[in-house]
Amino acid sequence: MTRGGFGRRIAVAAFVALFSVCLAMTLAPRAGWAQQARQGVNPTAQAVKEEQLLKELDRVTGRVSIPDSKAGTLIQPEGREWRAYHERTLHWIGGIAILGMLAVLALFYSVRGKIRIEHGWAGVKIMRFTTFERFVHWLTASSFIVLALSGLNVVFGKVLLLPLVGSDAFAVFSQWAKYAHNYLSFAFAAGIVLTFVIWVTENIPNRTDIAWAKQGGGILGHAHPPAGKFNGGQKLIFWSVVLVGAAIAASGYVLMFPFYGTNIADMQVAQIIHGVLGVLMIAVILAHIYIGTLGMEGAFDAMGTGEVDLNWAKEHHSLWVEEEMSKARAAGGGAAVPAE
Ligand code: HEM
């Protein structure tokens, strides 16, 4: 045998040996898994690993002796998808909507500042909302704030509040927040119905709203497009509160009374609708709160005392002021009353 032929044989033998070792290393674990899968995984075995169960089984089911047969399903693929939505997707949607809105409002405030009454305070007030209208507004608003904060605790509490306050305080807070969320839902639902009843006629969209919207509602520039009692932006808020609020309430009651005519898939849909619309509505209401307080001079009085300054009313709701004036003239009195 030549020296070159011997060398080639050694190289081939070394290659075959190396290849066999690699093959054995690759196949060995699979053979183990295959064997395990054939034997099946015993979910109650002490050494069973959760990850192993998740990888190998689509679902973990067993038998239960209670009438509720769905309690026999411990883990199912849809449940994992839903958890991913709840632990990740909803966090992103909520984070972007709420922090995004706060960022937009902060930017808007830094560019535009507070929208002032351009002609200054008239010192004469005009009645805008009755006591009952303000009661309905604050009933809806105060219950909304508690529902929003307690709802946010369900979504973000574990990651944001728990590390700050510790598990004992978090557990007590969450329990009370949950009671508040359940019981104040009735005040909120009543507020939504009353809001619709008392203001629907003044919130039907019309041509004035299109003209108002074309001028950007006068928010960016210094124009004061004519508007009735409610302008285009306020009508948008009204319909968001009524329609989105109704959808939130309906899905909320599905969650509060689980499995009354619903199955697991329906419950998941209800929770997705409730959570997503809830966080979006919080973002929209932040804009509403901004414009009613920090953003616009003279606006808060409307829901504070119920009377607004005449110049504010003329600048932001000129058609409504004309209407009120002609009503007062027809009645032989004055709608505008001097300030104290
Ligand atoms: C009639 C009104 C409402 C009812 C009946 C209701 C009911 C519920 C129920 C039963 C839950 C499940 C809580 C749990 O996990 O134990 C929930 C969660 C939640 N609610 Fe409400 N709710 C209402 C209004 C609101 C409002 C107005 C908001 C927002 C402003 C809101 C935001 C949330 C959020 C963000 C969650 C967590 C959703 C999730 O974990 O996916 N809810 N609600």
# chains A, B, ... in the order shown; residues from 1 in each chain; ligands from 1
>>> residues_near_ligand(ligand="ligand 1", cutoff="7 Å", atoms="only C-alpha atoms and all ligand atoms", output="compact mmCIF listing (two decimals) with all heavy atoms, in the first residue's frame")
# COMPACT_ATOMS: atom_id res chain seq x y z
N HIS A 86 -53.34 38.97 26.35
CA HIS A 86 -53.58 39.69 27.59
C HIS A 86 -52.29 40.22 28.22
O HIS A 86 -52.27 41.32 28.77
CB HIS A 86 -54.32 38.78 28.58
CG HIS A 86 -54.89 39.51 29.74
ND1 HIS A 86 -54.35 39.46 30.99
CD2 HIS A 86 -55.95 40.34 29.81
CE1 HIS A 86 -55.05 40.22 31.80
NE2 HIS A 86 -56.04 40.76 31.11
N PHE A 144 -66.58 56.62 35.77
CA PHE A 144 -65.62 56.26 34.71
C PHE A 144 -64.19 56.28 35.24
O PHE A 144 -63.40 55.37 34.96
CB PHE A 144 -65.75 57.24 33.54
CG PHE A 144 -64.77 56.96 32.44
CD1 PHE A 144 -65.05 56.03 31.45
CD2 PHE A 144 -63.53 57.59 32.39
CE1 PHE A 144 -64.14 55.74 30.46
CE2 PHE A 144 -62.60 57.31 31.40
CZ PHE A 144 -62.92 56.37 30.43
N ILE A 145 -63.86 57.32 36.03
CA ILE A 145 -62.48 57.43 36.52
C ILE A 145 -62.11 56.23 37.40
O ILE A 145 -61.05 55.62 37.24
CB ILE A 145 -62.27 58.77 37.26
CG1 ILE A 145 -62.30 59.91 36.24
CG2 ILE A 145 -60.95 58.79 38.03
CD1 ILE A 145 -62.35 61.30 36.82
N LEU A 147 -63.60 53.27 37.35
CA LEU A 147 -63.58 52.07 36.49
C LEU A 147 -62.28 52.02 35.67
O LEU A 147 -61.68 50.96 35.50
CB LEU A 147 -64.78 52.07 35.54
CG LEU A 147 -66.13 51.80 36.20
CD1 LEU A 147 -67.27 52.18 35.28
CD2 LEU A 147 -66.25 50.34 36.58
N ALA A 148 -61.85 53.19 35.19
CA ALA A 148 -60.63 53.24 34.38
C ALA A 148 -59.42 52.84 35.23
O ALA A 148 -58.61 52.00 34.81
CB ALA A 148 -60.44 54.64 33.81
N GLY A 151 -59.67 49.19 36.18
CA GLY A 151 -59.46 48.36 34.98
C GLY A 151 -57.98 48.34 34.60
O GLY A 151 -57.42 47.29 34.28
N LEU A 152 -57.33 49.51 34.69
CA LEU A 152 -55.90 49.57 34.38
C LEU A 152 -55.10 48.71 35.36
O LEU A 152 -54.07 48.14 35.01
CB LEU A 152 -55.40 51.01 34.41
CG LEU A 152 -55.82 51.89 33.23
CD1 LEU A 152 -55.30 53.31 33.39
CD2 LEU A 152 -55.34 51.30 31.90
N VAL A 154 -56.09 45.89 36.54
CA VAL A 154 -56.16 44.49 36.07
C VAL A 154 -55.12 44.26 34.98
O VAL A 154 -54.48 43.22 34.90
CB VAL A 154 -57.58 44.16 35.54
CG1 VAL A 154 -57.63 42.75 34.97
CG2 VAL A 154 -58.63 44.33 36.62
N VAL A 155 -54.94 45.27 34.11
CA VAL A 155 -54.04 45.08 32.97
C VAL A 155 -52.56 45.31 33.37
O VAL A 155 -51.70 44.49 33.08
CB VAL A 155 -54.42 46.05 31.81
CG1 VAL A 155 -53.51 45.84 30.61
CG2 VAL A 155 -55.87 45.84 31.41
N LYS A 178 -61.44 45.75 42.54
CA LYS A 178 -62.35 44.84 41.83
C LYS A 178 -63.80 45.05 42.30
O LYS A 178 -64.72 45.10 41.48
CB LYS A 178 -61.87 43.40 42.08
CG LYS A 178 -62.76 42.31 41.58
CD LYS A 178 -62.83 42.28 40.08
CE LYS A 178 -63.83 41.24 39.61
NZ LYS A 178 -64.55 41.69 38.43
N HIS A 181 -64.93 48.22 40.77
CA HIS A 181 -65.19 48.05 39.33
C HIS A 181 -66.57 47.41 39.12
O HIS A 181 -67.34 47.85 38.27
CB HIS A 181 -64.09 47.19 38.71
CG HIS A 181 -63.96 47.35 37.23
ND1 HIS A 181 -63.14 48.28 36.65
CD2 HIS A 181 -64.57 46.72 36.20
CE1 HIS A 181 -63.23 48.21 35.33
NE2 HIS A 181 -64.10 47.26 35.03
N ASN A 182 -66.86 46.40 39.92
CA ASN A 182 -68.16 45.72 39.76
C ASN A 182 -69.32 46.63 40.13
O ASN A 182 -70.27 46.78 39.37
CB ASN A 182 -68.21 44.47 40.64
CG ASN A 182 -67.47 43.31 40.00
OD1 ASN A 182 -66.84 43.47 38.96
ND2 ASN A 182 -67.52 42.15 40.61
N SER A 185 -70.01 49.94 38.15
CA SER A 185 -70.44 49.71 36.77
C SER A 185 -71.90 50.13 36.60
O SER A 185 -72.29 50.61 35.54
CB SER A 185 -70.26 48.25 36.39
OG SER A 185 -71.24 47.45 37.02
N PHE A 186 -72.70 49.97 37.68
CA PHE A 186 -74.12 50.30 37.56
C PHE A 186 -74.31 51.82 37.43
O PHE A 186 -75.16 52.28 36.67
CB PHE A 186 -74.91 49.73 38.75
CG PHE A 186 -74.78 48.23 38.83
CD1 PHE A 186 -74.00 47.62 39.80
CD2 PHE A 186 -75.42 47.42 37.89
CE1 PHE A 186 -73.86 46.24 39.84
CE2 PHE A 186 -75.29 46.04 37.93
CZ PHE A 186 -74.51 45.45 38.90
N PHE A 188 -72.11 53.85 36.15
CA PHE A 188 -71.62 54.19 34.81
C PHE A 188 -72.68 53.86 33.75
O PHE A 188 -72.97 54.68 32.87
CB PHE A 188 -70.32 53.43 34.53
CG PHE A 188 -69.76 53.67 33.16
CD1 PHE A 188 -69.15 54.87 32.84
CD2 PHE A 188 -69.85 52.68 32.18
CE1 PHE A 188 -68.64 55.10 31.56
CE2 PHE A 188 -69.33 52.90 30.91
CZ PHE A 188 -68.72 54.10 30.59
N ALA A 189 -73.25 52.67 33.85
CA ALA A 189 -74.26 52.26 32.86
C ALA A 189 -75.46 53.21 32.91
O ALA A 189 -75.98 53.63 31.86
CB ALA A 189 -74.69 50.82 33.13
N GLY A 245 -69.09 53.38 25.20
CA GLY A 245 -69.46 53.12 26.60
C GLY A 245 -70.48 51.97 26.68
O GLY A 245 -70.37 51.11 27.56
N ILE A 248 -68.68 48.75 26.05
CA ILE A 248 -67.86 48.39 27.22
C ILE A 248 -68.76 47.82 28.32
O ILE A 248 -68.44 46.81 28.95
CB ILE A 248 -67.08 49.62 27.73
CG1 ILE A 248 -65.98 49.99 26.73
CG2 ILE A 248 -66.47 49.35 29.10
CD1 ILE A 248 -65.16 51.19 27.13
N ALA A 249 -69.92 48.48 28.52
CA ALA A 249 -70.83 48.01 29.57
C ALA A 249 -71.36 46.61 29.23
O ALA A 249 -71.35 45.70 30.08
CB ALA A 249 -71.97 49.00 29.75
N ALA A 250 -71.79 46.42 27.97
CA ALA A 250 -72.36 45.12 27.58
C ALA A 250 -71.31 44.01 27.75
O ALA A 250 -71.58 42.96 28.37
CB ALA A 250 -72.85 45.18 26.14
N GLY A 252 -68.73 44.12 29.61
CA GLY A 252 -68.40 44.04 31.04
C GLY A 252 -69.38 43.14 31.78
O GLY A 252 -68.98 42.33 32.63
N TYR A 253 -70.68 43.23 31.43
CA TYR A 253 -71.65 42.37 32.12
C TYR A 253 -71.51 40.91 31.69
O TYR A 253 -71.78 40.02 32.48
CB TYR A 253 -73.08 42.91 31.93
CG TYR A 253 -73.28 44.16 32.78
CD1 TYR A 253 -73.61 45.37 32.20
CD2 TYR A 253 -73.05 44.12 34.15
CE1 TYR A 253 -73.74 46.52 32.97
CE2 TYR A 253 -73.18 45.27 34.93
CZ TYR A 253 -73.51 46.46 34.34
OH TYR A 253 -73.62 47.58 35.11
N LEU A 255 -68.64 39.61 31.21
CA LEU A 255 -67.53 39.16 32.06
C LEU A 255 -67.99 38.97 33.51
O LEU A 255 -67.52 38.07 34.20
CB LEU A 255 -66.39 40.18 32.03
CG LEU A 255 -65.67 40.40 30.71
CD1 LEU A 255 -64.59 41.45 30.86
CD2 LEU A 255 -65.05 39.10 30.22
N MET A 256 -68.91 39.84 33.93
CA MET A 256 -69.32 39.78 35.33
C MET A 256 -70.20 38.56 35.62
O MET A 256 -70.24 38.05 36.74
CB MET A 256 -70.08 41.06 35.69
CG MET A 256 -69.99 41.39 37.15
SD MET A 256 -71.07 42.73 37.59
CE MET A 256 -70.19 44.14 37.07
N GLN A 271 -63.80 39.74 26.62
CA GLN A 271 -62.71 40.37 27.36
C GLN A 271 -61.82 41.21 26.43
O GLN A 271 -61.34 42.27 26.82
CB GLN A 271 -61.87 39.32 28.09
CG GLN A 271 -60.85 39.97 29.00
CD GLN A 271 -60.65 39.24 30.31
OE1 GLN A 271 -61.19 38.16 30.49
NE2 GLN A 271 -59.87 39.80 31.20
N ILE A 272 -61.64 40.71 25.20
CA ILE A 272 -60.84 41.50 24.24
C ILE A 272 -61.57 42.81 23.91
O ILE A 272 -60.97 43.89 23.96
CB ILE A 272 -60.55 40.67 22.96
CG1 ILE A 272 -59.59 39.53 23.30
CG2 ILE A 272 -59.96 41.56 21.86
CD1 ILE A 272 -59.35 38.54 22.20
N HIS A 274 -63.80 44.36 25.71
CA HIS A 274 -63.83 45.19 26.92
C HIS A 274 -62.48 45.87 27.17
O HIS A 274 -62.41 47.08 27.39
CB HIS A 274 -64.22 44.32 28.11
CG HIS A 274 -64.62 45.09 29.32
ND1 HIS A 274 -65.84 45.70 29.45
CD2 HIS A 274 -63.95 45.37 30.47
CE1 HIS A 274 -65.91 46.32 30.61
NE2 HIS A 274 -64.77 46.14 31.26
N GLY A 275 -61.41 45.09 27.12
CA GLY A 275 -60.08 45.62 27.43
C GLY A 275 -59.63 46.64 26.40
O GLY A 275 -59.18 47.73 26.74
N GLY A 278 -61.82 49.68 26.41
CA GLY A 278 -61.58 50.38 27.68
C GLY A 278 -60.35 51.27 27.60
O GLY A 278 -60.42 52.46 27.91
N VAL A 279 -59.22 50.71 27.16
CA VAL A 279 -58.00 51.53 27.12
C VAL A 279 -58.11 52.64 26.06
O VAL A 279 -57.60 53.75 26.26
CB VAL A 279 -56.70 50.68 26.92
CG1 VAL A 279 -56.45 49.81 28.13
CG2 VAL A 279 -56.74 49.86 25.66
N MET A 281 -60.88 54.14 25.19
CA MET A 281 -61.77 55.18 25.72
C MET A 281 -61.04 56.05 26.75
O MET A 281 -61.27 57.25 26.83
CB MET A 281 -63.01 54.55 26.33
CG MET A 281 -64.08 55.57 26.65
SD MET A 281 -65.67 54.78 26.92
CE MET A 281 -66.64 56.15 27.52
N ILE A 282 -60.16 55.43 27.50
CA ILE A 282 -59.37 56.21 28.46
C ILE A 282 -58.56 57.27 27.72
O ILE A 282 -58.52 58.44 28.11
CB ILE A 282 -58.45 55.29 29.30
CG1 ILE A 282 -59.29 54.40 30.22
CG2 ILE A 282 -57.45 56.11 30.12
CD1 ILE A 282 -58.53 53.31 30.94
>>> select_by_dssp(residues="region 68-212 of chain A", states="strand (DSSP E)", output="PyMOL selection string")
chain A and resi 73-75+124-127
>>> closest_atom_pairs(of="region 248-322 of chain A", to="region 222-233 of chain A", cutoff="12 Å", atoms="only C-alpha atoms", output="CSV")
residue,atom,partner,partner_atom,distance
A:Val284,CA,A:Gly233,CA,11.3
A:Ala287,CA,A:Gly233,CA,10.6
A:His288,CA,A:Gly233,CA,9.4
A:Ile291,CA,A:Gly233,CA,10.6
A:Ala302,CA,A:Lys229,CA,11.5
A:Asn311,CA,A:His224,CA,11.7
A:Trp312,CA,A:His224,CA,10.6
A:Ala313,CA,A:Lys229,CA,9.2
A:Lys314,CA,A:Pro226,CA,8.9
A:Glu315,CA,A:His224,CA,5.8
A:His316,CA,A:His224,CA,6.3
A:His317,CA,A:Ala227,CA,4.7
A:Ser318,CA,A:Pro226,CA,5.5
A:Leu319,CA,A:Gly228,CA,4.8
A:Trp320,CA,A:Gly228,CA,4.4
A:Val321,CA,A:Gly228,CA,8.0
A:Glu322,CA,A:Gly228,CA,9.1
>>> residues_around(residues="Asn203 (chain A)", least_positions_apart="4", cutoff="8 Å", atoms="only C-alpha atoms", output="MDAnalysis selection string")
chainID A and resid 199 230 235 238
>>> write_last_selection(atoms="all heavy atoms", output="PDB file, in the first residue's frame")
ATOM      1  N   TRP A 199     -79.080  64.441  25.936  1.00  0.00           N
ATOM      2  CA  TRP A 199     -78.344  65.252  24.958  1.00  0.00           C
ATOM      3  C   TRP A 199     -78.407  64.768  23.509  1.00  0.00           C
ATOM      4  O   TRP A 199     -77.797  65.386  22.639  1.00  0.00           O
ATOM      5  CB  TRP A 199     -76.855  65.345  25.373  1.00  0.00           C
ATOM      6  CG  TRP A 199     -76.631  66.286  26.510  1.00  0.00           C
ATOM      7  CD1 TRP A 199     -77.275  67.472  26.739  1.00  0.00           C
ATOM      8  CD2 TRP A 199     -75.675  66.135  27.576  1.00  0.00           C
ATOM      9  NE1 TRP A 199     -76.795  68.057  27.885  1.00  0.00           N
ATOM     10  CE2 TRP A 199     -75.805  67.268  28.420  1.00  0.00           C
ATOM     11  CE3 TRP A 199     -74.735  65.170  27.897  1.00  0.00           C
ATOM     12  CZ2 TRP A 199     -75.039  67.450  29.565  1.00  0.00           C
ATOM     13  CZ3 TRP A 199     -73.959  65.356  29.036  1.00  0.00           C
ATOM     14  CH2 TRP A 199     -74.111  66.478  29.859  1.00  0.00           C
ATOM     15  N   PHE A 230     -73.439  72.094  20.923  1.00  0.00           N
ATOM     16  CA  PHE A 230     -72.259  71.219  20.906  1.00  0.00           C
ATOM     17  C   PHE A 230     -71.587  71.342  19.550  1.00  0.00           C
ATOM     18  O   PHE A 230     -72.268  71.287  18.518  1.00  0.00           O
ATOM     19  CB  PHE A 230     -72.667  69.766  21.170  1.00  0.00           C
ATOM     20  CG  PHE A 230     -73.244  69.564  22.552  1.00  0.00           C
ATOM     21  CD1 PHE A 230     -74.578  69.239  22.726  1.00  0.00           C
ATOM     22  CD2 PHE A 230     -72.452  69.710  23.678  1.00  0.00           C
ATOM     23  CE1 PHE A 230     -75.114  69.063  23.992  1.00  0.00           C
ATOM     24  CE2 PHE A 230     -72.974  69.543  24.956  1.00  0.00           C
ATOM     25  CZ  PHE A 230     -74.317  69.222  25.114  1.00  0.00           C
ATOM     26  N   LYS A 235     -69.528  66.518  19.698  1.00  0.00           N
ATOM     27  CA  LYS A 235     -70.434  65.467  19.223  1.00  0.00           C
ATOM     28  C   LYS A 235     -69.686  64.146  19.084  1.00  0.00           C
ATOM     29  O   LYS A 235     -70.226  63.080  19.380  1.00  0.00           O
ATOM     30  CB  LYS A 235     -71.067  65.876  17.883  1.00  0.00           C
ATOM     31  CG  LYS A 235     -72.088  66.982  18.041  1.00  0.00           C
ATOM     32  CD  LYS A 235     -72.735  67.372  16.727  1.00  0.00           C
ATOM     33  CE  LYS A 235     -73.692  68.545  16.943  1.00  0.00           C
ATOM     34  NZ  LYS A 235     -74.314  69.015  15.704  1.00  0.00           N
ATOM     35  N   PHE A 238     -69.425  62.783  22.450  1.00  0.00           N
ATOM     36  CA  PHE A 238     -70.733  62.273  22.883  1.00  0.00           C
ATOM     37  C   PHE A 238     -70.973  60.869  22.326  1.00  0.00           C
ATOM     38  O   PHE A 238     -71.312  59.936  23.057  1.00  0.00           O
ATOM     39  CB  PHE A 238     -71.845  63.235  22.408  1.00  0.00           C
ATOM     40  CG  PHE A 238     -73.237  62.686  22.621  1.00  0.00           C
ATOM     41  CD1 PHE A 238     -73.878  62.843  23.840  1.00  0.00           C
ATOM     42  CD2 PHE A 238     -73.910  62.007  21.600  1.00  0.00           C
ATOM     43  CE1 PHE A 238     -75.162  62.329  24.047  1.00  0.00           C
ATOM     44  CE2 PHE A 238     -75.187  61.481  21.801  1.00  0.00           C
ATOM     45  CZ  PHE A 238     -75.805  61.652  23.027  1.00  0.00           C
TER      46      PHE A 238
END
>>> closest_residue(among="A:Trp212, A:Ala270, A:Ser150, A:Gly72", to="Ala180 (chain A)", atoms="only C-alpha atoms")
A:Ser150
>>> residues_around(residues="region 128-134 of chain A", least_positions_apart="2", cutoff="8 Å", atoms="only C-alpha atoms", output="list in words")
Ile126, Val136, His137, Trp138, Ile198, Ala302, Met303, Gly304, Gly306, Glu307 and Val308 of chain A
>>> atom_distance(atom1="CA of Ser65 (chain A)", atom2="CA of Ile264 (chain A)")
19.6 Å
>>> closest_residue(among="A:Ser240, A:Gln234, A:Ser110, A:Ser251", to="Met267 (chain A)", atoms="only C-alpha atoms")
A:Ser251
>>> select_by_dssp(residues="region 283-335 of chain A", states="alpha helix (DSSP H)", output="ChimeraX atom specification")
/A:283-292,301-304,310-316,318-331
>>> write_last_selection(atoms="N, CA, C and O atoms", output="tab-separated table (two decimals), in the first residue's frame")
chain	number	residue	atom	x	y	z
A	283	ALA	N	-57.96	56.87	26.59
A	283	ALA	CA	-57.16	57.82	25.81
A	283	ALA	C	-58.04	58.97	25.30
A	283	ALA	O	-57.66	60.15	25.39
A	284	VAL	N	-59.24	58.63	24.79
A	284	VAL	CA	-60.14	59.68	24.26
A	284	VAL	C	-60.57	60.62	25.38
A	284	VAL	O	-60.57	61.86	25.23
A	285	ILE	N	-60.89	60.05	26.55
A	285	ILE	CA	-61.38	60.89	27.65
A	285	ILE	C	-60.25	61.77	28.21
A	285	ILE	O	-60.51	62.87	28.71
A	286	LEU	N	-59.01	61.32	28.09
A	286	LEU	CA	-57.90	62.19	28.52
A	286	LEU	C	-57.92	63.50	27.72
A	286	LEU	O	-57.70	64.58	28.28
A	287	ALA	N	-58.20	63.37	26.40
A	287	ALA	CA	-58.26	64.58	25.56
A	287	ALA	C	-59.43	65.45	26.00
A	287	ALA	O	-59.32	66.69	26.05
A	288	HIS	N	-60.54	64.82	26.35
A	288	HIS	CA	-61.73	65.56	26.80
A	288	HIS	C	-61.44	66.30	28.12
A	288	HIS	O	-61.78	67.47	28.27
A	289	ILE	N	-60.77	65.60	29.04
A	289	ILE	CA	-60.43	66.22	30.33
A	289	ILE	C	-59.47	67.40	30.11
A	289	ILE	O	-59.61	68.46	30.70
A	290	TYR	N	-58.52	67.20	29.20
A	290	TYR	CA	-57.54	68.26	28.93
A	290	TYR	C	-58.25	69.53	28.45
A	290	TYR	O	-58.01	70.62	28.98
A	291	ILE	N	-59.13	69.38	27.46
A	291	ILE	CA	-59.74	70.58	26.87
A	291	ILE	C	-60.70	71.25	27.86
A	291	ILE	O	-60.90	72.45	27.84
A	292	GLY	N	-61.25	70.45	28.78
A	292	GLY	CA	-62.18	71.02	29.76
A	292	GLY	C	-61.49	71.67	30.95
A	292	GLY	O	-62.14	72.32	31.77
A	301	ASP	N	-66.18	75.98	33.78
A	301	ASP	CA	-67.38	76.53	34.42
A	301	ASP	C	-68.66	75.84	33.94
A	301	ASP	O	-69.63	75.71	34.70
A	302	ALA	N	-68.67	75.43	32.68
A	302	ALA	CA	-69.88	74.82	32.12
A	302	ALA	C	-70.33	73.65	32.97
A	302	ALA	O	-71.53	73.48	33.24
A	303	MET	N	-69.39	72.82	33.41
A	303	MET	CA	-69.75	71.67	34.24
A	303	MET	C	-69.49	71.93	35.72
A	303	MET	O	-69.84	71.13	36.57
A	304	GLY	N	-68.84	73.09	36.02
A	304	GLY	CA	-68.61	73.45	37.42
A	304	GLY	C	-69.86	74.10	37.99
A	304	GLY	O	-70.65	73.47	38.69
A	310	LEU	N	-70.15	85.00	28.85
A	310	LEU	CA	-70.81	85.27	27.57
A	310	LEU	C	-69.80	85.33	26.40
A	310	LEU	O	-70.08	84.81	25.32
A	311	ASN	N	-68.64	85.92	26.62
A	311	ASN	CA	-67.66	86.00	25.52
A	311	ASN	C	-67.14	84.61	25.15
A	311	ASN	O	-66.91	84.32	23.98
A	312	TRP	N	-66.93	83.77	26.15
A	312	TRP	CA	-66.51	82.38	25.86
A	312	TRP	C	-67.57	81.70	24.99
A	312	TRP	O	-67.27	81.06	23.99
A	313	ALA	N	-68.84	81.88	25.40
A	313	ALA	CA	-69.95	81.24	24.67
A	313	ALA	C	-70.02	81.76	23.24
A	313	ALA	O	-70.19	80.98	22.30
A	314	LYS	N	-69.84	83.09	23.07
A	314	LYS	CA	-69.92	83.65	21.71
A	314	LYS	C	-68.79	83.14	20.84
A	314	LYS	O	-68.95	82.90	19.65
A	315	GLU	N	-67.60	82.95	21.44
A	315	GLU	CA	-66.45	82.50	20.63
A	315	GLU	C	-66.57	81.02	20.25
A	315	GLU	O	-66.20	80.64	19.15
A	316	HIS	N	-67.10	80.21	21.15
A	316	HIS	CA	-67.07	78.76	20.88
A	316	HIS	C	-68.43	78.17	20.46
A	316	HIS	O	-68.46	77.09	19.88
A	318	SER	N	-71.33	80.17	18.96
A	318	SER	CA	-72.05	81.40	18.58
A	318	SER	C	-73.52	81.13	18.21
A	318	SER	O	-74.41	81.90	18.57
A	319	LEU	N	-73.78	80.03	17.50
A	319	LEU	CA	-75.17	79.75	17.07
A	319	LEU	C	-76.07	79.47	18.27
A	319	LEU	O	-77.23	79.86	18.32
A	320	TRP	N	-75.48	78.79	19.25
A	320	TRP	CA	-76.24	78.48	20.47
A	320	TRP	C	-76.57	79.76	21.24
A	320	TRP	O	-77.71	79.95	21.70
A	321	VAL	N	-75.61	80.71	21.30
A	321	VAL	CA	-75.86	81.98	22.01
A	321	VAL	C	-77.00	82.74	21.32
A	321	VAL	O	-77.93	83.22	21.97
A	322	GLU	N	-76.94	82.77	19.96
A	322	GLU	CA	-78.01	83.47	19.22
A	322	GLU	C	-79.36	82.86	19.53
A	322	GLU	O	-80.35	83.57	19.77
A	323	GLU	N	-79.39	81.52	19.55
A	323	GLU	CA	-80.64	80.80	19.84
A	323	GLU	C	-81.17	81.17	21.23
A	323	GLU	O	-82.36	81.46	21.40
A	324	GLU	N	-80.26	81.15	22.20
A	324	GLU	CA	-80.65	81.45	23.59
A	324	GLU	C	-81.15	82.88	23.70
A	324	GLU	O	-82.14	83.15	24.40
A	325	MET	N	-80.47	83.81	22.99
A	325	MET	CA	-80.86	85.22	23.03
A	325	MET	C	-82.26	85.39	22.44
A	325	MET	O	-83.09	86.11	22.97
A	326	SER	N	-82.49	84.72	21.28
A	326	SER	CA	-83.82	84.92	20.66
A	326	SER	C	-84.92	84.27	21.51
A	326	SER	O	-86.01	84.81	21.61
A	327	LYS	N	-84.57	83.15	22.18
A	327	LYS	CA	-85.56	82.52	23.08
A	327	LYS	C	-85.90	83.49	24.21
A	327	LYS	O	-87.06	83.66	24.57
A	328	ALA	N	-84.85	84.15	24.74
A	328	ALA	CA	-85.04	85.08	25.87
A	328	ALA	C	-85.86	86.29	25.44
A	328	ALA	O	-86.74	86.75	26.16
A	329	ARG	N	-85.54	86.76	24.19
A	329	ARG	CA	-86.30	87.92	23.69
A	329	ARG	C	-87.77	87.55	23.52
A	329	ARG	O	-88.66	88.30	23.91
A	330	ALA	N	-87.99	86.32	22.97
A	330	ALA	CA	-89.37	85.88	22.75
A	330	ALA	C	-90.11	85.76	24.08
A	330	ALA	O	-91.30	86.03	24.18
A	331	ALA	N	-89.36	85.35	25.12
A	331	ALA	CA	-89.99	85.18	26.43
A	331	ALA	C	-90.08	86.52	27.17
A	331	ALA	O	-90.61	86.58	28.29
